[in-house]
$ cat data.txt   # compact mmCIF, C-alpha atoms
# COMPACT_ATOMS: atom_id res chain seq x y z
CA MET A 1 7.53 33.27 -27.77
CA ASN A 2 5.53 35.44 -25.38
CA LEU A 3 5.94 35.45 -21.59
CA LYS A 4 2.75 33.45 -21.00
CA SER A 5 3.85 30.67 -23.38
CA ALA A 6 7.31 30.54 -21.82
CA PHE A 7 5.79 30.25 -18.31
CA THR A 8 3.47 27.45 -19.46
CA ILE A 9 6.37 25.47 -20.96
CA LEU A 10 8.45 26.01 -17.80
CA ASN A 11 5.54 24.92 -15.60
CA LEU A 12 4.97 21.76 -17.67
CA TYR A 13 8.69 20.97 -17.59
CA SER A 14 8.71 21.41 -13.81
CA LEU A 15 5.71 19.09 -13.41
CA GLU A 16 7.20 16.41 -15.67
CA ASN A 17 10.41 16.41 -13.60
CA ASN A 18 8.61 16.54 -10.29
CA PRO A 19 9.52 13.57 -8.03
CA LEU A 20 5.87 13.64 -6.87
CA ASN A 21 4.58 13.17 -10.42
CA GLN A 22 3.57 9.54 -9.87
CA LEU A 23 1.56 10.50 -6.79
CA ILE A 24 0.00 13.49 -8.50
CA ASN A 25 -1.10 11.31 -11.42
CA SER A 26 -2.75 8.88 -8.99
CA ILE A 27 -4.63 11.71 -7.28
CA THR A 28 -5.72 13.41 -10.51
CA CYS A 29 -7.32 10.13 -11.59
CA LEU A 30 -9.79 10.89 -8.77
CA PHE A 31 -10.11 14.68 -8.96
CA PRO A 32 -8.26 17.67 -10.48
CA LEU A 33 -5.56 19.57 -8.60
CA ASN A 34 -4.98 23.29 -8.90
CA ASP A 35 -1.55 24.97 -8.90
CA ARG A 36 -1.81 25.91 -5.22
CA GLU A 37 -2.51 22.31 -4.18
CA ILE A 38 0.37 20.99 -6.27
CA SER A 39 2.62 23.60 -4.65
CA VAL A 40 1.48 22.50 -1.16
CA LEU A 41 2.32 18.89 -2.02
CA LYS A 42 5.73 19.81 -3.46
CA ASP A 43 6.62 21.95 -0.42
CA ASN A 44 5.44 19.58 2.32
CA LEU A 45 5.76 15.97 1.20
CA LYS A 46 8.93 13.97 1.69
CA THR A 47 10.34 11.54 -0.86
CA PHE A 48 12.83 8.94 0.35
CA ASN A 49 14.44 5.61 -0.52
CA THR A 50 14.85 2.59 1.71
CA ASP A 51 16.80 -0.66 1.65
CA PRO A 52 15.22 -4.11 2.05
CA GLU A 53 14.23 -4.90 5.65
CA SER A 54 13.99 -1.19 6.53
CA ASN A 55 11.08 -0.37 8.82
CA VAL A 56 8.78 2.40 7.60
CA ILE A 57 6.42 2.23 10.59
CA LYS A 58 7.60 0.67 13.85
CA PRO A 59 5.50 -1.07 16.51
CA LEU A 60 4.35 1.07 19.44
CA SER A 61 4.53 4.23 17.34
CA ILE A 62 1.69 6.54 16.32
CA ALA A 63 1.12 6.69 12.57
CA ASP A 64 1.20 10.41 11.87
CA SER A 65 1.66 9.97 8.10
CA PHE A 66 0.51 7.72 5.33
CA PHE A 67 2.72 6.65 2.47
CA PHE A 68 2.59 6.33 -1.30
CA LEU A 69 4.68 3.49 -2.67
CA GLN A 70 6.31 4.52 -5.95
CA LYS A 71 8.52 1.46 -6.31
CA GLY A 72 9.04 -1.75 -4.36
CA VAL A 73 7.09 -4.05 -2.04
CA VAL A 74 6.15 -3.46 1.60
CA ARG A 75 4.71 -5.93 4.10
CA SER A 76 2.82 -5.34 7.33
CA PHE A 77 3.10 -7.81 10.19
CA TYR A 78 2.61 -8.45 13.88
CA GLN A 79 5.30 -9.98 16.05
CA LYS A 80 4.21 -12.46 18.71
CA ASP A 81 6.44 -14.80 20.70
CA TYR A 82 9.35 -14.07 18.30
CA LYS A 83 7.16 -15.04 15.34
CA GLU A 84 6.23 -12.63 12.57
CA ILE A 85 2.66 -12.87 11.24
CA ASN A 86 2.20 -11.12 7.90
CA THR A 87 -1.10 -9.29 7.45
CA GLU A 88 -0.78 -7.49 4.10
CA PHE A 89 1.46 -6.70 1.13
CA PHE A 90 1.62 -3.39 -0.72
CA PHE A 91 2.89 -2.77 -4.24
CA GLU A 92 3.59 0.12 -6.62
CA ASN A 93 1.03 2.97 -6.69
CA GLU A 94 -0.61 1.92 -3.42
CA PHE A 95 -1.11 3.94 -0.24
CA PHE A 96 -0.48 2.43 3.16
CA THR A 97 -0.22 3.21 6.85
CA ALA A 98 -1.38 1.76 10.16
CA PHE A 99 -4.87 3.10 9.53
CA THR A 100 -6.31 2.46 13.01
CA SER A 101 -3.44 4.41 14.55
CA PHE A 102 -3.67 7.09 11.86
CA LEU A 103 -7.35 7.67 12.60
CA THR A 104 -7.40 7.21 16.39
CA ARG A 105 -3.93 8.57 17.31
CA GLU A 106 -3.30 5.41 19.32
CA LYS A 107 -0.08 3.40 19.15
CA THR A 108 0.02 0.61 16.61
CA ARG A 109 1.34 -2.90 17.15
CA LEU A 110 1.92 -3.33 13.43
CA CYS A 111 5.27 -3.08 11.70
CA PHE A 112 5.58 -2.00 8.06
CA GLN A 113 8.80 -3.21 6.46
CA CYS A 114 10.26 -3.00 2.95
CA ILE A 115 10.83 -6.32 1.19
CA GLU A 116 12.63 -4.72 -1.75
CA LYS A 117 14.41 -1.39 -2.19
CA CYS A 118 11.56 1.10 -2.06
CA ASP A 119 10.87 4.62 -3.28
CA LEU A 120 8.31 6.24 -1.00
CA ILE A 121 6.47 9.50 -0.43
CA SER A 122 5.43 10.44 3.10
CA ILE A 123 2.16 12.41 3.45
CA PRO A 124 1.82 13.91 6.96
CA LYS A 125 -1.61 13.78 8.57
CA ALA A 126 -1.33 17.50 9.37
CA ILE A 127 -1.01 18.32 5.66
CA MET A 128 -3.94 16.11 4.76
CA ASP A 129 -6.04 17.74 7.49
CA THR A 130 -5.17 21.18 6.08
CA LEU A 131 -6.14 20.14 2.53
CA LEU A 132 -9.40 18.68 3.83
CA GLN A 133 -10.24 21.93 5.59
CA GLN A 134 -9.64 23.86 2.37
CA ASP A 135 -11.57 21.54 0.04
CA ALA A 136 -13.80 18.57 0.84
CA LYS A 137 -12.77 16.86 -2.41
CA TRP A 138 -9.76 15.42 -0.53
CA ASN A 139 -12.24 13.14 1.23
CA ILE A 140 -12.44 11.31 -2.10
CA LEU A 141 -8.80 10.28 -1.75
CA LEU A 142 -9.16 9.13 1.86
CA ASN A 143 -12.42 7.32 1.16
CA THR A 144 -10.88 5.57 -1.86
CA ILE A 145 -7.87 4.40 0.18
CA LEU A 146 -9.98 3.22 3.12
CA ALA A 147 -12.52 1.48 0.86
CA LYS A 148 -9.75 -0.43 -0.92
CA GLU A 149 -8.26 -1.51 2.38
CA TYR A 150 -11.64 -2.56 3.73
CA ILE A 151 -12.37 -4.70 0.66
CA LYS A 152 -8.92 -6.31 0.82
CA LYS A 153 -9.39 -7.21 4.49
CA CYS A 154 -12.91 -8.57 3.94
CA ARG A 155 -11.75 -10.76 1.07
CA ARG A 156 -8.77 -12.04 3.04
CA GLU A 157 -11.05 -12.92 5.96
CA SER A 158 -13.45 -14.69 3.59
CA SER A 159 -10.59 -16.64 2.00
CA PHE A 160 -9.71 -18.09 5.43
CA LEU A 161 -13.33 -19.05 6.07
CA LEU A 162 -14.26 -20.38 2.61
CA LEU A 163 -11.04 -21.68 1.00
CA ASP A 164 -8.52 -24.35 1.92
CA ALA A 165 -4.78 -23.67 1.92
CA ASN A 166 -4.36 -24.71 -1.70
CA GLU A 167 -7.17 -22.41 -2.83
CA ARG A 168 -5.90 -19.53 -0.70
CA TYR A 169 -2.51 -19.70 -2.41
CA HIS A 170 -4.03 -19.59 -5.87
CA TYR A 171 -6.32 -16.77 -4.80
CA PHE A 172 -3.22 -14.91 -3.58
CA LEU A 173 -1.61 -15.34 -7.03
CA LYS A 174 -4.77 -14.04 -8.67
CA GLN A 175 -4.84 -11.00 -6.37
CA PHE A 176 -1.13 -10.23 -6.75
CA PRO A 177 0.17 -11.48 -10.13
CA GLY A 178 3.91 -12.08 -10.05
CA ALA A 179 4.12 -11.59 -6.28
CA ASP A 180 5.60 -15.07 -5.81
CA THR A 181 8.72 -13.91 -7.71
CA ARG A 182 9.15 -10.78 -5.56
CA ILE A 183 8.17 -11.94 -2.07
CA PRO A 184 10.10 -14.67 -0.21
CA LEU A 185 7.98 -17.81 0.07
CA PHE A 186 8.20 -17.90 3.88
CA HIS A 187 6.54 -14.48 3.95
CA ILE A 188 3.78 -15.72 1.64
CA ALA A 189 3.30 -18.80 3.82
CA SER A 190 2.92 -16.59 6.90
CA TYR A 191 0.34 -14.44 5.10
CA LEU A 192 -1.61 -17.57 4.11
CA GLY A 193 -1.48 -19.02 7.63
CA ILE A 194 0.47 -22.13 6.63
CA SER A 195 3.99 -23.46 7.09
CA PRO A 196 6.67 -22.97 4.41
CA GLU A 197 6.74 -26.75 3.97
CA THR A 198 3.00 -26.86 3.23
CA LEU A 199 3.40 -24.05 0.71
CA SER A 200 6.22 -25.93 -1.03
CA ARG A 201 3.98 -28.99 -1.36
CA ILE A 202 1.15 -26.86 -2.77
CA ARG A 203 3.48 -25.25 -5.32
CA SER A 204 4.76 -28.64 -6.47
CA LYS A 205 1.29 -29.91 -7.39
CA LYS A 206 -0.56 -29.32 -10.62
CA ILE A 207 -3.87 -27.67 -9.95
CA ASN A 208 -7.13 -27.55 -11.83
CA GLN A 209 -9.02 -24.31 -12.36
CA ILE A 210 -10.42 -23.01 -9.07
CA ASP A 211 -13.62 -21.02 -8.77
CA LEU A 212 -12.77 -18.11 -6.49
CA SER A 213 -15.93 -16.10 -7.12
CA GLN A 214 -17.26 -17.05 -3.67
CA VAL A 215 -14.59 -14.78 -2.16
CA ASN A 216 -14.84 -11.88 -4.63
CA ASN A 217 -18.63 -11.86 -4.47
CA ILE A 218 -19.00 -11.28 -0.73
$ encode --input "data.txt" --output "structure tokens"
Amino acid sequence: MNLKSAFTILNLYSLENNPLNQLINSITCLFPLNDREISVLKDNLKTFNTDPESNVIKPLSIADSFFFLQKGVVRSFYQKDYKEINTEFFFENEFFTAFTSFLTREKTRLCFQCIEKCDLISIPKAIMDTLLQQDAKWNILLNTILAKEYIKKCRRESSFLLLDANERYHYFLKQFPGADTRIPLFHIASYLGISPETLSRIRSKKINQIDLSQVNNI
């Protein structure tokens, strides 16, 4: 085996055992990464694990990173008058942060909290800014993340305007298959804008097929 072949095998082995591999695969679905960029990611990104109910982003903080969720479920919520109002759920292979704070450098009122044990990667804004300066292709990643979030928020808004509580629940199940087995029902009820008791009644009823195209086709 020559030196070049040995280096190639070592490099492939290193990549396969890289804790960032899941993130790198998600990025390379959008555009290719060179060795230097992979090295920058390996040297500057932080991987960490959290327990359920751990806060990833706290209210009144400035979001100076965004996160890649390798495993687990995260919720975002506002707290008002001792009541938590869920705004979004995030699952495996999704990016999240308090995007308004991330873009404006203003403090956020949102809290991002783990529902399950989570494996996360933190991507500092400073590193993303450096990568953007070096190659505009990184705009593809940011634009993809922001576009997905925008569509999710538009569809959630439309579901409140066009669907009743029963239809919103079934639209939620269609959006997030299996989420009702991973997320406590009181959190789902908060996200849907209904009481836990109303959600229990909805879940106990048999339901006919619902046409939800009016939400997806906005």
$ atom_distance --input "data.txt" --atom1 "CA of Gly193 (chain A)" --atom2 "CA of Ser158 (chain A)"
13.4 Å
$ atom_distance --input "data.txt" --atom1 "CA of Leu69 (chain A)" --atom2 "CA of Gln134 (chain A)"
25.4 Å
$ residues_around --input "data.txt" --residues "His187 (chain A)" --least-positions-apart "6" --cutoff "9 Å" --atoms "all atoms listed in the file" --output "PyMOL selection string"
chain A and resi 75+84-86+196
$ write_last_selection --input "data.txt" --atoms "C-alpha atoms" --output "PDB file, in the frame of the given file"
ATOM      1  CA  ARG A  75       4.710  -5.930   4.100  1.00  0.00           C
ATOM      2  CA  GLU A  84       6.230 -12.630  12.570  1.00  0.00           C
ATOM      3  CA  ILE A  85       2.660 -12.870  11.240  1.00  0.00           C
ATOM      4  CA  ASN A  86       2.200 -11.120   7.900  1.00  0.00           C
ATOM      5  CA  PRO A 196       6.670 -22.970   4.410  1.00  0.00           C
TER       6      PRO A 196
END
$ closest_residue --input "data.txt" --among "A:Asp64, A:Asp135, A:Glu167, A:Glu157" --to "Phe102 (chain A)" --atoms "all atoms listed in the file"
A:Asp64
$ residues_around --input "data.txt" --residues "Asn49 (chain A)" --least-positions-apart "3" --cutoff "8 Å" --atoms "all atoms listed in the file" --output "PyMOL selection string"
chain A and resi 117-120
$ closest_residue --input "data.txt" --among "A:Ile127, A:Leu110, A:Leu20, A:Leu103" --to "Ile57 (chain A)" --atoms "all atoms listed in the file"
A:Leu110
$ residues_around --input "data.txt" --residues "Pro19 (chain A)" --least-positions-apart "5" --cutoff "10 Å" --atoms "all atoms listed in the file" --output "list in words"
Ser14, Ile24, Lys42, Lys46, Thr47, Gln70 and Ile121 of chain A
$ atom_distance --input "data.txt" --atom1 "CA of Arg203 (chain A)" --atom2 "CA of Lys148 (chain A)"
28.5 Å
$ residues_near_point --input "data.txt" --point "(-11.2, -17.1, 2.1)" --cutoff "9 Å" --atoms "all atoms listed in the file" --output "JSON, numbers by chain"
{"A": [154, 155, 156, 157, 158, 159, 160, 161, 162, 163, 164, 167, 168, 171, 212, 214, 215]}
$ residues_around --input "data.txt" --residues "Ser76 (chain A)" --least-positions-apart "6" --cutoff "7 Å" --atoms "only C-alpha atoms" --output "ChimeraX atom specification"
/A:86-89,110-113
$ residues_around --input "data.txt" --residues "Ala165 (chain A)" --least-positions-apart "3" --cutoff "9 Å" --atoms "only C-alpha atoms" --output "PyMOL selection string"
chain A and resi 160+168-170+192-194+198-199+202
$ closest_residue --input "data.txt" --among "A:Arg109, A:Lys80, A:Arg36, A:Lys137" --to "Leu60 (chain A)" --atoms "all atoms listed in the file"
A:Arg109
$ closest_residue --input "data.txt" --among "A:Phe95, A:Phe67, A:Ile151, A:Asp180" --to "Leu45 (chain A)" --atoms "only C-alpha atoms"
A:Phe67
$ closest_residue --input "data.txt" --among "A:Ser204, A:Gln175, A:Gln22, A:Ser195" --to "Asn93 (chain A)" --atoms "all atoms listed in the file"
A:Gln22
$ axis_aligned_box --input "data.txt" --around "region 131-148 of chain A" --padding-each-side "8 Å" --output "AutoDock Vina command-line options"
--center_x -10.0 --center_y 11.7 --center_z 1.6 --size_x 23.7 --size_y 40.3 --size_z 24.0
$ closest_residue --input "data.txt" --among "A:Thr144, A:Asn139, A:Ser200, A:Ser65" --to "Ser122 (chain A)" --atoms "all atoms listed in the file"
A:Ser65
$ decode --input "data.txt" --residues "region 164-187 of chain A" --atoms "N, CA and C atoms" --output "compact mmCIF listing (two decimals), in the first residue's frame"
# COMPACT_ATOMS: atom_id res chain seq x y z
N ASP A 164 -60.24 24.19 12.49
CA ASP A 164 -60.69 24.15 13.88
C ASP A 164 -59.70 23.32 14.70
N ALA A 165 -59.96 23.20 16.00
CA ALA A 165 -59.01 22.53 16.88
C ALA A 165 -58.79 21.08 16.49
N ASN A 166 -59.87 20.40 16.11
CA ASN A 166 -59.79 19.01 15.69
C ASN A 166 -58.90 18.87 14.46
N GLU A 167 -59.09 19.74 13.49
CA GLU A 167 -58.31 19.70 12.26
C GLU A 167 -56.86 20.08 12.51
N ARG A 168 -56.64 21.03 13.42
CA ARG A 168 -55.26 21.42 13.73
C ARG A 168 -54.47 20.26 14.33
N TYR A 169 -55.12 19.48 15.19
CA TYR A 169 -54.45 18.33 15.79
C TYR A 169 -54.05 17.32 14.73
N HIS A 170 -54.95 17.03 13.81
CA HIS A 170 -54.64 16.04 12.79
C HIS A 170 -53.64 16.58 11.77
N TYR A 171 -53.63 17.88 11.59
CA TYR A 171 -52.59 18.49 10.75
C TYR A 171 -51.24 18.37 11.45
N PHE A 172 -51.22 18.57 12.76
CA PHE A 172 -50.00 18.40 13.55
C PHE A 172 -49.44 16.99 13.39
N LEU A 173 -50.31 15.97 13.47
CA LEU A 173 -49.87 14.58 13.31
C LEU A 173 -49.32 14.33 11.92
N LYS A 174 -49.91 14.97 10.93
CA LYS A 174 -49.42 14.83 9.56
C LYS A 174 -48.06 15.49 9.40
N GLN A 175 -47.88 16.65 10.00
CA GLN A 175 -46.59 17.35 9.94
C GLN A 175 -45.49 16.59 10.67
N PHE A 176 -45.82 16.05 11.84
CA PHE A 176 -44.83 15.42 12.71
C PHE A 176 -45.26 14.00 13.08
N PRO A 177 -45.14 13.05 12.16
CA PRO A 177 -45.58 11.67 12.43
C PRO A 177 -44.88 11.10 13.67
N GLY A 178 -45.67 10.52 14.56
CA GLY A 178 -45.13 9.91 15.76
C GLY A 178 -44.83 10.89 16.88
N ALA A 179 -45.05 12.18 16.65
CA ALA A 179 -44.72 13.17 17.67
C ALA A 179 -45.57 13.00 18.92
N ASP A 180 -46.79 12.50 18.76
CA ASP A 180 -47.67 12.34 19.92
C ASP A 180 -47.19 11.26 20.88
N THR A 181 -46.23 10.43 20.47
CA THR A 181 -45.65 9.43 21.37
C THR A 181 -44.36 9.92 22.01
N ARG A 182 -43.86 11.07 21.57
CA ARG A 182 -42.59 11.60 22.08
C ARG A 182 -42.76 12.90 22.86
N ILE A 183 -43.85 13.60 22.60
CA ILE A 183 -44.08 14.90 23.22
C ILE A 183 -45.26 14.79 24.19
N PRO A 184 -45.10 15.23 25.43
CA PRO A 184 -46.24 15.20 26.37
C PRO A 184 -47.44 15.93 25.79
N LEU A 185 -48.63 15.38 26.04
CA LEU A 185 -49.84 15.93 25.43
C LEU A 185 -50.12 17.37 25.87
N PHE A 186 -49.72 17.74 27.07
CA PHE A 186 -49.99 19.13 27.50
C PHE A 186 -49.14 20.11 26.69
N HIS A 187 -47.96 19.66 26.23
CA HIS A 187 -47.15 20.51 25.36
C HIS A 187 -47.79 20.63 23.97
